[in-house]
Each structure stands twice: as C-alpha cells, then as structure tokens.
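J.: I'd like to ask you about the structure that follows.
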Amino acid sequence: MKYYVNNRQQDGNGYNHEVHKEGCYWMPSDKTFLGEYYSDEAALAEAKKYYADADGCAHCCPDINHG
C-alpha cells in the first residue's frame with residue numbers, strides 16, 4: 001500500500017500531520033509520498049522522520065490514529 005503524509009497541520013483534533021493511504025477520500029493535495037509499506041505502523045514511523053507529531057487518518061489508518 002502507498003502512504004502519504006499531509007504537509008500541513010490539520011485544524012483541530014491534535015493539530016498534527018496525518019498519514020493517509022492512497023485512495024483515501026480525505027487525502028490532502030499538499031502531501032509527501034512516504035513509500036509503500038505493509039503496515040500502517042511502518043508508514044507512521046517514516047512520517048515521524050518528517051513530522052514528530054505525525055498521526056494516522058481516523059478514516060483510512062484508524063489503527064495508528066491517536067486523536
């Protein structure tokens with residue numbers, strides 16, 4: 001699965017940079033490609049290299065969403 005991280009902090013709910021799977025309805029236009037991973041956790045670890053506050057999208061990556 002291909003993963004991306006939002007380059008802009010989301011408004012509200014933690015003000016973090018969300019990780020999204022390709023095809024997510026909430027995918028931002030301003031994003032960085034993280035790579036292809038077999039797990040949400042691996043994609044989140046990569047995203048944290050860019051943004052320490054990275055978190056998963058509640059819709060496409062609920063297992064790594066911490067609100």
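Note on naming: chains are A, B, ... as they come in the structure tokens, residues start from 1 per chain, ligands start from 1 in the order shown.
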So which residues touch Cys60 of chain A within 9 Å, counting only C-alpha atoms, skipping near sequence neighbours fewer than 4 positions away, as a ChimeraX atom specification?

T.: /A:19-26,56
